[in-house]
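Here's the structure, in structure tokens; my notes come after.
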Amino acid sequence: MLTLRGKGVSPGMAQGKAFVYKDVLLRDSELYLIDDSQIDEEKTRIQKAIDDVSKCLTIDAKQIESKLGRQSADIFLAQKEILQDSHVINEMNRVLETKLINAEQVVRTVFRLLARRFRDLANEVLRERGDDIDDLSRRLLLSLAGIHAHSLENLPANTVLVARRLLPLDTVFLSRSSTVGVLAEFAGPAAHAALLARELGIPCVGGIPDLLETVYTGDVVLVNGTTGAVVINPSRQALQKHNKAIDCSFRT
């Protein structure tokens, strides 16, 4: 049995089996140099990815609005505005033309810098917008790779999602019928993904160091999104205590 301590991000208690989710942003995509004759081709790839992601954001906004309301849907519409901002598009074209690198690396370079600018801000709410920039970067990289399925689409029942960072796209595929809890190494209460988890009523604990090196797919996990306590592979006594606490919360 192992007890972890984090920060309660979305209240509630849950028990389930861990599913460790490794984000595409953590993987290194191939870097290759291009010549002047390939610039237009890479620009076309980037624009197609922007168009593809813009359509997906519109669809996700409608889906979230039907489940959680307009305010939650606005998160995705705001992302769409950022993606279509002329300054962002011009910066991607500038990096492409000056560095002569492939579209994937252009996206990583531009959006990593943009996310860092947000995370360097003093205001906590604005700092958390860095996650939205990471979310856009991931969407573009998936589109450039021709990947349209999401690995969280068909999670089994009673899953506790374990991730380095939970982003808004991930929450589109979360539901109480499959995901009973979320653990994240990086997740603040002001992050859009955390707000969506609260709206969905899914307990979530963030701020757990070395999470992906500690928890493995299939581990039994107890989550307390109110206190920030997490128990991995609990003893019988810990499980009984957890279940008793859940019973008491239902009665009150």
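By order in the structure tokens, chains are A, B, ...; within a chain, residues start at 1; ligands start at 1, following the order shown.
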
| request: Just list the residues in region 4-235 of chain A DSSP gives alpha helix (DSSP H) on the backbone, as a ChimeraX atom specification. | output: /A:39-68,70-83,86-99,103-119,124-127,129-144,168-172,192-200

Restrict the calculation to only C-alpha atoms, then for each residue of region 49-130 of chain A with any atom at most 12 Å from an atom of region 170-186 of chain A give the closest atom pair and their distance in Å to one decimal, rows by chain and rising residue number, as JSON lines.
```
{"residue": "A:Cys56", "atom": "CA", "partner": "A:Val172", "partner_atom": "CA", "distance": 11.1}
{"residue": "A:Leu57", "atom": "CA", "partner": "A:Val172", "partner_atom": "CA", "distance": 10.4}
{"residue": "A:Ile59", "atom": "CA", "partner": "A:Val172", "partner_atom": "CA", "distance": 10.4}
{"residue": "A:Asp60", "atom": "CA", "partner": "A:Val172", "partner_atom": "CA", "distance": 6.9}
{"residue": "A:Ala61", "atom": "CA", "partner": "A:Val172", "partner_atom": "CA", "distance": 9.1}
{"residue": "A:Lys62", "atom": "CA", "partner": "A:Val172", "partner_atom": "CA", "distance": 10.7}
{"residue": "A:Gln63", "atom": "CA", "partner": "A:Val172", "partner_atom": "CA", "distance": 8.0}
{"residue": "A:Ile64", "atom": "CA", "partner": "A:Val172", "partner_atom": "CA", "distance": 7.0}
{"residue": "A:Glu65", "atom": "CA", "partner": "A:Val172", "partner_atom": "CA", "distance": 10.8}
{"residue": "A:Ser66", "atom": "CA", "partner": "A:Val172", "partner_atom": "CA", "distance": 11.6}
{"residue": "A:Lys67", "atom": "CA", "partner": "A:Val172", "partner_atom": "CA", "distance": 9.9}
{"residue": "A:Leu68", "atom": "CA", "partner": "A:Val172", "partner_atom": "CA", "distance": 10.8}
{"residue": "A:Ser72", "atom": "CA", "partner": "A:Val172", "partner_atom": "CA", "distance": 10.8}
{"residue": "A:Ala73", "atom": "CA", "partner": "A:Val172", "partner_atom": "CA", "distance": 10.4}
{"residue": "A:Ile75", "atom": "CA", "partner": "A:Val172", "partner_atom": "CA", "distance": 11.5}
{"residue": "A:Phe76", "atom": "CA", "partner": "A:Val172", "partner_atom": "CA", "distance": 10.2}
{"residue": "A:Glu128", "atom": "CA", "partner": "A:Phe186", "partner_atom": "CA", "distance": 10.3}
{"residue": "A:Gly130", "atom": "CA", "partner": "A:Phe186", "partner_atom": "CA", "distance": 11.6}
```

Go ahead and save the picked residues with N, CA and C atoms, as a compact mmCIF listing (two decimals), in the first residue's frame.
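Once written, part_2.txt looks like this:
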```txt
# COMPACT_ATOMS: atom_id res chain seq x y z
N CYS A 56 -12.92 20.45 -35.21
CA CYS A 56 -13.06 19.59 -34.03
C CYS A 56 -13.41 20.40 -32.79
N LEU A 57 -12.83 21.59 -32.66
CA LEU A 57 -13.14 22.44 -31.51
C LEU A 57 -14.60 22.88 -31.53
N ILE A 59 -17.07 21.17 -32.87
CA ILE A 59 -17.85 19.97 -32.52
C ILE A 59 -17.77 19.71 -31.01
N ASP A 60 -16.56 19.81 -30.45
CA ASP A 60 -16.40 19.58 -29.01
C ASP A 60 -17.17 20.60 -28.19
N ALA A 61 -17.17 21.86 -28.65
CA ALA A 61 -17.91 22.90 -27.94
C ALA A 61 -19.41 22.57 -27.89
N LYS A 62 -19.95 22.10 -29.01
CA LYS A 62 -21.37 21.75 -29.05
C LYS A 62 -21.66 20.57 -28.12
N GLN A 63 -20.75 19.59 -28.11
CA GLN A 63 -20.94 18.42 -27.27
C GLN A 63 -20.89 18.79 -25.79
N ILE A 64 -19.92 19.62 -25.43
CA ILE A 64 -19.79 20.03 -24.03
C ILE A 64 -20.96 20.93 -23.62
N GLU A 65 -21.41 21.79 -24.54
CA GLU A 65 -22.55 22.66 -24.22
C GLU A 65 -23.80 21.84 -23.89
N SER A 66 -24.00 20.74 -24.63
CA SER A 66 -25.18 19.91 -24.38
C SER A 66 -25.08 19.19 -23.04
N LYS A 67 -23.84 18.93 -22.57
CA LYS A 67 -23.64 18.22 -21.31
C LYS A 67 -23.53 19.16 -20.11
N LEU A 68 -22.80 20.27 -20.31
CA LEU A 68 -22.45 21.10 -19.17
C LEU A 68 -22.87 22.56 -19.28
N SER A 72 -19.00 26.28 -20.16
CA SER A 72 -17.98 25.26 -20.36
C SER A 72 -17.60 25.15 -21.83
N ALA A 73 -18.58 25.28 -22.71
CA ALA A 73 -18.31 25.20 -24.15
C ALA A 73 -17.42 26.35 -24.61
N ILE A 75 -14.83 27.45 -23.39
CA ILE A 75 -13.41 27.10 -23.27
C ILE A 75 -12.87 26.68 -24.63
N PHE A 76 -13.63 25.87 -25.35
CA PHE A 76 -13.17 25.35 -26.64
C PHE A 76 -13.29 26.41 -27.74
N GLU A 128 -2.66 29.30 -15.84
CA GLU A 128 -3.27 28.02 -16.21
C GLU A 128 -3.67 27.97 -17.68
N GLY A 130 -1.78 28.28 -19.98
CA GLY A 130 -0.73 27.53 -20.66
C GLY A 130 -1.18 26.13 -21.04
```

As an MDAnalysis selection string, please: every residue in region 15-242 of chain A that a backbone DSSP assignment puts in strand (DSSP E or B). chainID A and resid 15:21 33 101 159:165 179:186 204:206 220:224 229:232

Convert the current residue selection to file output with C-alpha atoms, as a PDB file, in the first residue's frame.
```pdb
ATOM      1  CA  GLN A  15     -12.317   3.826  -6.133  1.00  0.00           C
ATOM      2  CA  GLY A  16     -11.162   2.268  -9.376  1.00  0.00           C
ATOM      3  CA  LYS A  17      -8.345   0.842 -11.455  1.00  0.00           C
ATOM      4  CA  ALA A  18      -5.617   3.081 -12.811  1.00  0.00           C
ATOM      5  CA  PHE A  19      -5.198   3.795 -16.513  1.00  0.00           C
ATOM      6  CA  VAL A  20      -1.892   5.578 -17.139  1.00  0.00           C
ATOM      7  CA  TYR A  21      -2.251   7.995 -20.033  1.00  0.00           C
ATOM      8  CA  LEU A  33      15.234  20.106 -42.217  1.00  0.00           C
ATOM      9  CA  ILE A 101      12.118  22.754 -40.143  1.00  0.00           C
ATOM     10  CA  THR A 159     -11.271   3.832 -14.381  1.00  0.00           C
ATOM     11  CA  VAL A 160      -9.044   6.259 -12.489  1.00  0.00           C
ATOM     12  CA  LEU A 161      -7.260   8.272 -15.157  1.00  0.00           C
ATOM     13  CA  VAL A 162      -3.604   8.932 -14.344  1.00  0.00           C
ATOM     14  CA  ALA A 163      -1.840  11.605 -16.394  1.00  0.00           C
ATOM     15  CA  ARG A 164       1.104  13.964 -16.305  1.00  0.00           C
ATOM     16  CA  ARG A 165      -1.228  16.822 -17.190  1.00  0.00           C
ATOM     17  CA  THR A 179     -14.022   7.572 -15.332  1.00  0.00           C
ATOM     18  CA  VAL A 180     -14.564   7.667 -11.581  1.00  0.00           C
ATOM     19  CA  GLY A 181     -11.489   9.739 -10.719  1.00  0.00           C
ATOM     20  CA  VAL A 182      -8.498  11.613 -12.103  1.00  0.00           C
ATOM     21  CA  LEU A 183      -4.917  11.959 -10.845  1.00  0.00           C
ATOM     22  CA  ALA A 184      -2.549  14.462 -12.435  1.00  0.00           C
ATOM     23  CA  GLU A 185       1.035  15.415 -11.748  1.00  0.00           C
ATOM     24  CA  PHE A 186       0.336  18.964 -12.895  1.00  0.00           C
ATOM     25  CA  CYS A 204      -9.594  14.917  -9.160  1.00  0.00           C
ATOM     26  CA  VAL A 205      -6.289  15.295  -7.319  1.00  0.00           C
ATOM     27  CA  GLY A 206      -3.403  17.264  -8.809  1.00  0.00           C
ATOM     28  CA  VAL A 220      -6.257  -0.226  -7.462  1.00  0.00           C
ATOM     29  CA  VAL A 221      -6.617   3.437  -6.520  1.00  0.00           C
ATOM     30  CA  LEU A 222      -8.586   5.275  -3.848  1.00  0.00           C
ATOM     31  CA  VAL A 223      -9.128   8.974  -4.601  1.00  0.00           C
ATOM     32  CA  ASN A 224     -10.171  11.728  -2.225  1.00  0.00           C
ATOM     33  CA  ALA A 229      -5.213  11.987  -0.453  1.00  0.00           C
ATOM     34  CA  VAL A 230      -4.586   9.049  -2.796  1.00  0.00           C
ATOM     35  CA  VAL A 231      -4.016   5.407  -1.809  1.00  0.00           C
ATOM     36  CA  ILE A 232      -2.455   2.940  -4.256  1.00  0.00           C
TER      37      ILE A 232
END
```

Would you mind listing what lies within 10 Å of Arg116 (chain A) as a list in words, with only C-alpha atoms counted and same-chain residues fewer than 3 positions away left out?
Phe111, Arg112, Leu113, Arg119, Asp120, Leu121, Arg127, Arg129, Gly130, Asp131, Ile133 and Asp134 of chain A

**Prompt:** So, counting only C-alpha atoms, which residue among A:Thr3, A:Ile89, A:Pro11, A:Arg236 is closest to Arg198 (chain A)?
**Reply:**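 Looking at the shortest contact to Arg198 (chain A), the residue is A:Pro11.
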
Query - Test item: residues at most 6 Å from region 190-193 of chain A, only C-alpha atoms, excluding those fewer than 6 positions along its chain, as a ChimeraX atom specification - result: /A:125,128,167-168

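Restricting the calculation to only C-alpha atoms, the smallest distance between Ala187 (chain A) and any of A:Thr226, A:Ser137, A:Val9, A:Lys244 is found for A:Val9.
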
re CA of Pro189 (chain A) and CA of Ser10 (chain A): distance 7.6 Å

In Å and to one decimal, CA of Leu140 (chain A) is distant from CA of Ala49 (chain A) by 5.7 Å

Separation of CA of Gln84 (chain A) and CA of Leu142 (chain A), in Å?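 Calculated distance between CA of Gln84 (chain A) and CA of Leu142 (chain A) is 17.4 Å.
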
Among the residues A:Asp219, A:Glu42, A:Asp51, A:Asp210, the one that comes closest to Asn233 (chain A) [using only C-alpha atoms]: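 Among A:Asp219, A:Glu42, A:Asp51, A:Asp210, it is A:Asp219 that comes nearest to Asn233 (chain A).
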
Tell me, as a compact mmCIF listing (two decimals) with N, CA and C atoms, in the first residue's frame, which residues lie within 12 Å of Glu91 (chain A), counting only C-alpha atoms; anything in the same chain fewer than 4 positions away does not count.
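What landed in around_32.txt:
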```txt
# COMPACT_ATOMS: atom_id res chain seq x y z
N LYS A 43 3.66 24.65 -45.22
CA LYS A 43 2.63 25.64 -44.87
C LYS A 43 1.24 25.07 -45.11
N ILE A 46 0.34 22.69 -42.33
CA ILE A 46 -0.04 23.42 -41.11
C ILE A 46 -1.45 23.99 -41.24
N LEU A 83 -6.23 29.72 -31.99
CA LEU A 83 -5.67 28.97 -33.10
C LEU A 83 -5.75 29.74 -34.41
N GLN A 84 -6.83 30.50 -34.59
CA GLN A 84 -7.04 31.23 -35.84
C GLN A 84 -6.50 32.65 -35.79
N ASP A 85 -5.87 33.02 -34.68
CA ASP A 85 -5.30 34.36 -34.55
C ASP A 85 -4.19 34.56 -35.58
N SER A 86 -4.24 35.65 -36.29
CA SER A 86 -3.27 35.91 -37.36
C SER A 86 -1.84 35.98 -36.83
N HIS A 87 -1.66 36.49 -35.60
CA HIS A 87 -0.33 36.58 -35.02
C HIS A 87 0.29 35.19 -34.82
N VAL A 95 8.67 31.06 -38.39
CA VAL A 95 9.58 30.02 -37.90
C VAL A 95 9.88 29.01 -39.01
N LEU A 96 8.87 28.66 -39.75
CA LEU A 96 9.04 27.71 -40.86
C LEU A 96 10.03 28.26 -41.89
N GLU A 97 9.87 29.52 -42.25
CA GLU A 97 10.70 30.12 -43.30
C GLU A 97 12.13 30.38 -42.84
N THR A 98 12.30 30.70 -41.56
CA THR A 98 13.65 31.05 -41.08
C THR A 98 14.44 29.83 -40.61
N LYS A 99 13.77 28.89 -39.95
CA LYS A 99 14.47 27.72 -39.43
C LYS A 99 14.49 26.56 -40.41
N VAL A 106 7.70 23.03 -36.10
CA VAL A 106 7.22 24.42 -36.07
C VAL A 106 6.14 24.57 -35.01
N VAL A 107 5.20 23.63 -34.99
CA VAL A 107 4.12 23.67 -33.99
C VAL A 107 4.69 23.58 -32.59
N THR A 109 7.68 24.34 -31.51
CA THR A 109 8.47 25.53 -31.19
C THR A 109 7.58 26.71 -30.82
N VAL A 110 6.60 27.01 -31.66
CA VAL A 110 5.76 28.19 -31.47
C VAL A 110 4.86 28.04 -30.25
N PHE A 111 4.23 26.89 -30.10
CA PHE A 111 3.27 26.74 -29.01
C PHE A 111 3.95 26.51 -27.67
N LEU A 113 6.69 28.09 -26.78
CA LEU A 113 7.04 29.45 -26.37
C LEU A 113 5.81 30.20 -25.88
N LEU A 114 4.69 30.04 -26.58
CA LEU A 114 3.45 30.72 -26.19
C LEU A 114 2.97 30.22 -24.83
```

Residue neighbourhood Lys48 (chain A), 12 Å, only C-alpha atoms, exclusion window fewer than 4 positions, as a list in words
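Result of the neighbour search: Glu41, Glu42, Lys43, Thr44, Asp52, Val53, Ser54, Lys55, Ala103, Leu140, Leu141, Ser143, Leu144, Ala145 and Gly146 of chain A.
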
Would you output that residue set with N, CA, C and O atoms, as a compact mmCIF listing (two decimals), in the first residue's frame?
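Once written, out_9.txt looks like this:
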```
# COMPACT_ATOMS: atom_id res chain seq x y z
N GLU A 41 4.70 23.46 -49.18
CA GLU A 41 4.09 22.17 -48.81
C GLU A 41 3.88 22.09 -47.30
O GLU A 41 2.81 21.65 -46.83
N GLU A 42 4.87 22.51 -46.51
CA GLU A 42 4.74 22.46 -45.06
C GLU A 42 3.72 23.49 -44.56
O GLU A 42 2.98 23.23 -43.61
N LYS A 43 3.66 24.65 -45.22
CA LYS A 43 2.63 25.64 -44.87
C LYS A 43 1.24 25.07 -45.11
O LYS A 43 0.32 25.29 -44.30
N THR A 44 1.08 24.34 -46.21
CA THR A 44 -0.21 23.73 -46.52
C THR A 44 -0.58 22.69 -45.47
O THR A 44 -1.73 22.60 -45.04
N ASP A 52 -8.60 21.53 -39.62
CA ASP A 52 -9.10 20.29 -39.03
C ASP A 52 -9.39 20.49 -37.55
O ASP A 52 -10.47 20.13 -37.04
N VAL A 53 -8.44 21.07 -36.83
CA VAL A 53 -8.60 21.28 -35.39
C VAL A 53 -9.72 22.28 -35.10
O VAL A 53 -10.48 22.12 -34.15
N SER A 54 -9.85 23.30 -35.93
CA SER A 54 -10.91 24.29 -35.75
C SER A 54 -12.28 23.62 -35.83
O SER A 54 -13.19 23.90 -35.02
N LYS A 55 -12.45 22.72 -36.79
CA LYS A 55 -13.73 21.99 -36.91
C LYS A 55 -13.97 21.12 -35.68
O LYS A 55 -15.09 21.06 -35.15
N ALA A 103 6.77 20.81 -40.27
CA ALA A 103 5.58 21.38 -39.65
C ALA A 103 5.43 20.98 -38.18
O ALA A 103 5.05 21.80 -37.34
N LEU A 140 -2.93 19.86 -32.90
CA LEU A 140 -2.28 20.07 -34.20
C LEU A 140 -1.33 18.92 -34.53
O LEU A 140 -1.28 18.45 -35.67
N LEU A 141 -0.57 18.45 -33.54
CA LEU A 141 0.36 17.35 -33.77
C LEU A 141 -0.38 16.07 -34.15
O LEU A 141 0.06 15.32 -35.04
N SER A 143 -3.31 15.93 -35.61
CA SER A 143 -3.84 16.14 -36.95
C SER A 143 -2.75 15.96 -38.00
O SER A 143 -2.96 15.32 -39.04
N LEU A 144 -1.57 16.51 -37.74
CA LEU A 144 -0.45 16.37 -38.69
C LEU A 144 -0.05 14.90 -38.86
O LEU A 144 0.41 14.50 -39.92
N ALA A 145 -0.23 14.12 -37.81
CA ALA A 145 0.11 12.69 -37.86
C ALA A 145 -1.03 11.86 -38.43
O ALA A 145 -0.88 10.64 -38.61
N GLY A 146 -2.16 12.50 -38.70
CA GLY A 146 -3.31 11.77 -39.25
C GLY A 146 -4.03 10.93 -38.22
O GLY A 146 -4.74 9.97 -38.57
```
